[in-house]
Amino acid sequence: MITILAIESSCDDTSAAVIRDGLLLSNVTASQAVHEEFGGVVPELASRAHQQNILPVVDAALKRAEVDAHELSAIGFTRGPGLLGSLLVGTSFAKGLAISLGIPLVDVNHLQGHILAHQIEPAPEMVRKGYIKGITEADLPLRHPGYPHICLLVSGGNSQIVLVRSPYDMEILGQTIDDAAGECIDKCAKVMGLPYPGGPHIDRLAKEGNPTAFTFARPQIAGYDYSFSGLKTSFLYTLRDAMKANQVDSIEELYHLAAEGKMAGYEGTNLQADLCASMQATIVDILLKKLKRAVLDKGIKQIAVAGGVSANSGLRQGMLDLAKKMHWEAFIPPFSFTTDNAAMIAEAAYYRYQKGDFCGLEEAPFAKTCI
Ligand code: KG4
């Protein structure tokens, strides 16, 4: 029997999960509201919150799984990429626990974890007890992509197209050369006066808006790479120019003018929703065009999406529509496995454990993106 406790602490979610013989027994996450008032994650505050959360979160994950620490075969942990201070909390905790229990450590790349979130299979009895948030009995068994498949990995810090040959063999075909899609979404949301993280707010507002109300710059980048900094600037300039043309100093005044039907250069009344819908549609279009090209070139028929931005309803629908049109199979993870969570780290650690791929105590966390 292989039982692994996994810890995720790469950004602002402290999460712990237990997997036994490939079945997820628990997945507990503490999010950090402390960053909201700053409009983004403050690394020092994130590390401090991880420090406070990690013990209760690990304890809850073991209790929910009904597993005693002495039954564990290994400790898995996210080694990177992420915020170094945050990673250090999870890494140090994992090392300490592994030493005290005399069991091996398994390091996991956070991005591979996001991709392997598609392979998570929750234990039915834990789902029945309501212990696996966001999954009901009707969802079981979950659908899993086979190999090879192509995964669009879109999170706050990454936008990549990855060829996934096996749980151990992944190749980045293309990636952003500047901002990630999530970063662009969050920055545009901030300009619109929306709370952090802006992704879910943009998603909600976009449903009420017109996706063709505004046209933003689209990058012309070779190959499968992305660029989102031009779109972010184009969004900013659209608002700056509109404020100038309407002689107002703030976006709120612009919203008021629009609501009264008095905004020059704009015919609608729900300016915020139209901006969200147009920006979201542009991002989804950019993401899916490159994905389509990569999938056609590689001759692969299974596509998947992973990472926090894969919670976006426009992107989910776009993936499904594309797959239907092209006669491909699309795999979209349950919401609870899209944003940062330890279940995906446990899944990746389980594969590495079976290969005997352990990590020495001398290994340090890494901040930079790699796979
Ligand atoms: O994967 P993730 O939880 O963290 C990183 O590892 O980066 O992704 C967080 C990103 C944020 O940019 C957030 O705004 C975005 O995912 N996000 C969304 C939605 N939910 C979260 N973006 C668009 N639509 C959503 N519904």
# chains A, B, ... in the order shown; residues from 1 in each chain; ligands from 1

$ residues_around --residues "Phe331 in chain A" --least-positions-apart "5" --cutoff "10 Å" --atoms "only C-alpha atoms" --output "PyMOL selection string"
chain A and resi 118+143-145+149+151+302-306+316+319-320+323

$ write_last_selection --atoms "N, CA, C and O atoms" --output "short mmCIF file (atom, residue, chain, number, x, y, z; two decimals), in the first residue's frame"
data_model
loop_
_atom_site.label_atom_id
_atom_site.label_comp_id
_atom_site.auth_asym_id
_atom_site.auth_seq_id
_atom_site.Cartn_x
_atom_site.Cartn_y
_atom_site.Cartn_z
N HIS A 118 -5.55 16.37 -13.98
CA HIS A 118 -6.52 15.64 -14.80
C HIS A 118 -6.58 14.16 -14.48
O HIS A 118 -7.53 13.48 -14.85
N ARG A 143 -13.35 11.79 -15.74
CA ARG A 143 -12.74 11.47 -17.04
C ARG A 143 -11.27 11.87 -17.02
O ARG A 143 -10.93 12.92 -16.47
N HIS A 144 -10.41 11.05 -17.60
CA HIS A 144 -8.98 11.36 -17.62
C HIS A 144 -8.46 11.31 -19.05
O HIS A 144 -8.76 10.35 -19.78
N PRO A 145 -7.65 12.30 -19.47
CA PRO A 145 -7.08 12.22 -20.81
C PRO A 145 -6.05 11.10 -20.89
O PRO A 145 -5.35 10.82 -19.92
N HIS A 149 -1.42 13.70 -24.97
CA HIS A 149 -2.42 14.74 -25.17
C HIS A 149 -1.72 16.10 -25.10
O HIS A 149 -0.56 16.18 -24.69
N CYS A 151 -1.87 19.85 -23.50
CA CYS A 151 -2.51 20.59 -22.40
C CYS A 151 -2.20 22.08 -22.50
O CYS A 151 -1.05 22.48 -22.63
N GLN A 302 -6.53 14.62 -28.43
CA GLN A 302 -7.04 14.89 -27.08
C GLN A 302 -6.44 16.20 -26.57
O GLN A 302 -5.22 16.38 -26.59
N ILE A 303 -7.32 17.10 -26.11
CA ILE A 303 -6.84 18.37 -25.57
C ILE A 303 -7.34 18.54 -24.14
O ILE A 303 -8.42 18.09 -23.79
N ALA A 304 -6.50 19.21 -23.34
CA ALA A 304 -6.86 19.44 -21.94
C ALA A 304 -6.51 20.88 -21.58
O ALA A 304 -5.68 21.51 -22.25
N VAL A 305 -7.14 21.39 -20.54
CA VAL A 305 -6.81 22.72 -20.05
C VAL A 305 -6.56 22.61 -18.55
O VAL A 305 -7.21 21.82 -17.86
N ALA A 306 -5.58 23.36 -18.04
CA ALA A 306 -5.24 23.27 -16.62
C ALA A 306 -4.80 24.63 -16.09
O ALA A 306 -4.51 25.54 -16.87
N ARG A 316 -13.60 27.54 -21.02
CA ARG A 316 -14.15 26.17 -20.97
C ARG A 316 -15.07 25.92 -22.16
O ARG A 316 -14.94 24.91 -22.85
N MET A 319 -13.12 25.76 -25.44
CA MET A 319 -12.42 24.46 -25.60
C MET A 319 -13.40 23.41 -26.10
O MET A 319 -13.09 22.63 -26.99
N LEU A 320 -14.58 23.39 -25.47
CA LEU A 320 -15.57 22.38 -25.83
C LEU A 320 -16.04 22.58 -27.27
O LEU A 320 -16.16 21.62 -28.05
N ALA A 323 -13.26 21.53 -29.71
CA ALA A 323 -13.13 20.07 -29.78
C ALA A 323 -14.27 19.46 -30.59
O ALA A 323 -14.06 18.55 -31.40
#

$ residues_around --residues "Gln51 in chain A" --least-positions-apart "5" --cutoff "12 Å" --atoms "only C-alpha atoms" --output "PyMOL selection string"
chain A and resi 9+12-15+30+32+44-46+56-58+85-93

$ write_last_selection --atoms "N, CA, C and O atoms" --output "PDB file, in the first residue's frame"
ATOM      1  N   SER A   9       2.495  24.909  -1.357  1.00  0.00           N
ATOM      2  CA  SER A   9       2.590  26.251  -0.742  1.00  0.00           C
ATOM      3  C   SER A   9       3.304  27.212  -1.683  1.00  0.00           C
ATOM      4  O   SER A   9       4.081  28.047  -1.241  1.00  0.00           O
ATOM      5  N   ASP A  12      -0.298  31.621  -2.659  1.00  0.00           N
ATOM      6  CA  ASP A  12      -1.064  32.114  -1.505  1.00  0.00           C
ATOM      7  C   ASP A  12      -2.116  31.118  -1.024  1.00  0.00           C
ATOM      8  O   ASP A  12      -3.056  31.514  -0.333  1.00  0.00           O
ATOM      9  N   ASP A  13      -1.984  29.847  -1.379  1.00  0.00           N
ATOM     10  CA  ASP A  13      -2.873  28.814  -0.848  1.00  0.00           C
ATOM     11  C   ASP A  13      -2.023  27.783  -0.118  1.00  0.00           C
ATOM     12  O   ASP A  13      -1.072  27.259  -0.696  1.00  0.00           O
ATOM     13  N   THR A  14      -2.394  27.512   1.146  1.00  0.00           N
ATOM     14  CA  THR A  14      -1.701  26.441   1.876  1.00  0.00           C
ATOM     15  C   THR A  14      -2.599  25.221   1.746  1.00  0.00           C
ATOM     16  O   THR A  14      -3.760  25.261   2.144  1.00  0.00           O
ATOM     17  N   SER A  15      -2.059  24.149   1.165  1.00  0.00           N
ATOM     18  CA  SER A  15      -2.913  22.997   0.911  1.00  0.00           C
ATOM     19  C   SER A  15      -2.182  21.700   1.244  1.00  0.00           C
ATOM     20  O   SER A  15      -0.964  21.594   1.062  1.00  0.00           O
ATOM     21  N   ALA A  30      -6.280  26.166   2.714  1.00  0.00           N
ATOM     22  CA  ALA A  30      -6.573  27.437   3.403  1.00  0.00           C
ATOM     23  C   ALA A  30      -6.114  28.555   2.484  1.00  0.00           C
ATOM     24  O   ALA A  30      -4.934  28.630   2.131  1.00  0.00           O
ATOM     25  N   GLN A  32      -5.696  32.735   1.465  1.00  0.00           N
ATOM     26  CA  GLN A  32      -5.246  33.881   2.260  1.00  0.00           C
ATOM     27  C   GLN A  32      -5.946  35.170   1.828  1.00  0.00           C
ATOM     28  O   GLN A  32      -5.584  35.757   0.809  1.00  0.00           O
ATOM     29  N   GLU A  44       5.820  38.523   1.414  1.00  0.00           N
ATOM     30  CA  GLU A  44       6.148  38.388   2.844  1.00  0.00           C
ATOM     31  C   GLU A  44       4.909  37.953   3.648  1.00  0.00           C
ATOM     32  O   GLU A  44       4.993  37.093   4.523  1.00  0.00           O
ATOM     33  N   LEU A  45       3.766  38.547   3.321  1.00  0.00           N
ATOM     34  CA  LEU A  45       2.533  38.176   4.036  1.00  0.00           C
ATOM     35  C   LEU A  45       2.127  36.739   3.713  1.00  0.00           C
ATOM     36  O   LEU A  45       1.603  36.016   4.559  1.00  0.00           O
ATOM     37  N   ALA A  46       2.378  36.327   2.461  1.00  0.00           N
ATOM     38  CA  ALA A  46       2.040  34.954   2.049  1.00  0.00           C
ATOM     39  C   ALA A  46       2.853  33.963   2.876  1.00  0.00           C
ATOM     40  O   ALA A  46       2.307  32.985   3.404  1.00  0.00           O
ATOM     41  N   PRO A  56      -2.256  23.281  10.972  1.00  0.00           N
ATOM     42  CA  PRO A  56      -3.677  22.879  10.970  1.00  0.00           C
ATOM     43  C   PRO A  56      -4.140  22.260   9.651  1.00  0.00           C
ATOM     44  O   PRO A  56      -4.968  21.336   9.656  1.00  0.00           O
ATOM     45  N   VAL A  57      -3.600  22.725   8.531  1.00  0.00           N
ATOM     46  CA  VAL A  57      -4.030  22.180   7.231  1.00  0.00           C
ATOM     47  C   VAL A  57      -3.548  20.736   7.075  1.00  0.00           C
ATOM     48  O   VAL A  57      -4.319  19.854   6.667  1.00  0.00           O
ATOM     49  N   VAL A  58      -2.296  20.465   7.429  1.00  0.00           N
ATOM     50  CA  VAL A  58      -1.764  19.095   7.332  1.00  0.00           C
ATOM     51  C   VAL A  58      -2.523  18.181   8.291  1.00  0.00           C
ATOM     52  O   VAL A  58      -2.918  17.061   7.936  1.00  0.00           O
ATOM     53  N   GLY A  85       9.757  32.457  -0.606  1.00  0.00           N
ATOM     54  CA  GLY A  85       9.416  32.423   0.828  1.00  0.00           C
ATOM     55  C   GLY A  85       8.287  31.454   1.104  1.00  0.00           C
ATOM     56  O   GLY A  85       8.302  30.720   2.095  1.00  0.00           O
ATOM     57  N   SER A  86       7.287  31.442   0.232  1.00  0.00           N
ATOM     58  CA  SER A  86       6.142  30.533   0.386  1.00  0.00           C
ATOM     59  C   SER A  86       6.597  29.084   0.232  1.00  0.00           C
ATOM     60  O   SER A  86       6.238  28.208   1.019  1.00  0.00           O
ATOM     61  N   LEU A  87       7.401  28.835  -0.810  1.00  0.00           N
ATOM     62  CA  LEU A  87       7.891  27.473  -1.065  1.00  0.00           C
ATOM     63  C   LEU A  87       8.735  26.954   0.092  1.00  0.00           C
ATOM     64  O   LEU A  87       8.687  25.766   0.433  1.00  0.00           O
ATOM     65  N   LEU A  88       9.514  27.878   0.700  1.00  0.00           N
ATOM     66  CA  LEU A  88      10.387  27.460   1.803  1.00  0.00           C
ATOM     67  C   LEU A  88       9.597  26.915   2.984  1.00  0.00           C
ATOM     68  O   LEU A  88      10.037  25.982   3.655  1.00  0.00           O
ATOM     69  N   VAL A  89       8.400  27.480   3.216  1.00  0.00           N
ATOM     70  CA  VAL A  89       7.582  27.004   4.341  1.00  0.00           C
ATOM     71  C   VAL A  89       7.166  25.548   4.099  1.00  0.00           C
ATOM     72  O   VAL A  89       7.375  24.680   4.948  1.00  0.00           O
ATOM     73  N   GLY A  90       6.617  25.280   2.905  1.00  0.00           N
ATOM     74  CA  GLY A  90       6.171  23.917   2.591  1.00  0.00           C
ATOM     75  C   GLY A  90       7.324  22.946   2.516  1.00  0.00           C
ATOM     76  O   GLY A  90       7.242  21.811   3.018  1.00  0.00           O
ATOM     77  N   THR A  91       8.431  23.383   1.891  1.00  0.00           N
ATOM     78  CA  THR A  91       9.603  22.514   1.725  1.00  0.00           C
ATOM     79  C   THR A  91      10.197  22.136   3.085  1.00  0.00           C
ATOM     80  O   THR A  91      10.482  20.962   3.348  1.00  0.00           O
ATOM     81  N   SER A  92      10.357  23.129   3.944  1.00  0.00           N
ATOM     82  CA  SER A  92      10.967  22.867   5.258  1.00  0.00           C
ATOM     83  C   SER A  92      10.072  21.950   6.080  1.00  0.00           C
ATOM     84  O   SER A  92      10.552  21.047   6.769  1.00  0.00           O
ATOM     85  N   PHE A  93       8.762  22.211   6.002  1.00  0.00           N
ATOM     86  CA  PHE A  93       7.821  21.370   6.762  1.00  0.00           C
ATOM     87  C   PHE A  93       7.893  19.926   6.263  1.00  0.00           C
ATOM     88  O   PHE A  93       7.961  18.978   7.053  1.00  0.00           O
TER      89      PHE A  93
END

$ atom_distance --atom1 "CA of Leu97 in chain A" --atom2 "CA of Ala17 in chain A"
14.5 Å

$ residues_near_ligand --ligand "ligand 1" --cutoff "6 Å" --atoms "only C-alpha atoms and all ligand atoms" --output "CSV table (one decimal) with C-alpha atoms, in the first residue's frame"
chain,number,residue,atom,x,y,z
A,155,SER,CA,-2.4,30.2,-14.5
A,156,GLY,CA,-1.5,33.5,-12.8
A,157,GLY,CA,2.1,33.0,-13.6
A,182,GLY,CA,-4.0,35.3,-15.7
A,183,GLU,CA,-1.6,38.2,-15.0
A,186,ASP,CA,-5.8,40.4,-13.0
A,197,PRO,CA,-7.9,38.2,-8.0
A,198,GLY,CA,-9.8,39.7,-10.9
A,199,GLY,CA,-10.3,36.5,-12.9
A,200,PRO,CA,-13.6,35.3,-11.3
A,203,ASP,CA,-15.8,35.9,-15.7
A,307,GLY,CA,-4.3,26.0,-14.1
A,308,GLY,CA,-6.4,28.7,-12.4
A,309,VAL,CA,-7.6,30.4,-15.6
A,311,ALA,CA,-11.9,28.0,-14.3
A,312,ASN,CA,-13.0,30.7,-16.8
A,339,THR,CA,-6.6,26.6,-8.8
A,340,ASP,CA,-3.7,25.7,-6.6

$ select_by_dssp --residues "range 60-218 of chain A" --states "alpha helix (DSSP H)" --output "VMD selection string"
chain A and resid 60 to 65 84 to 101 110 to 116 124 to 128 181 to 191 199 to 206

$ atom_distance --atom1 "CA of Ala180 in chain A" --atom2 "CA of Val34 in chain A"
23.1 Å

$ residues_around --residues "range 120-131 of chain A" --least-positions-apart "5" --cutoff "7 Å" --atoms "only C-alpha atoms" --output "list in words"
Leu23, Leu24, Leu25, Ser26, Arg64, Thr136, Glu137, Leu142, Met344 and Glu347 of chain A

$ closest_residue --among "A:Ala222, A:Ala343, A:Ala61, A:Val67" --to "Gly174 in chain A" --atoms "only C-alpha atoms"
A:Ala222
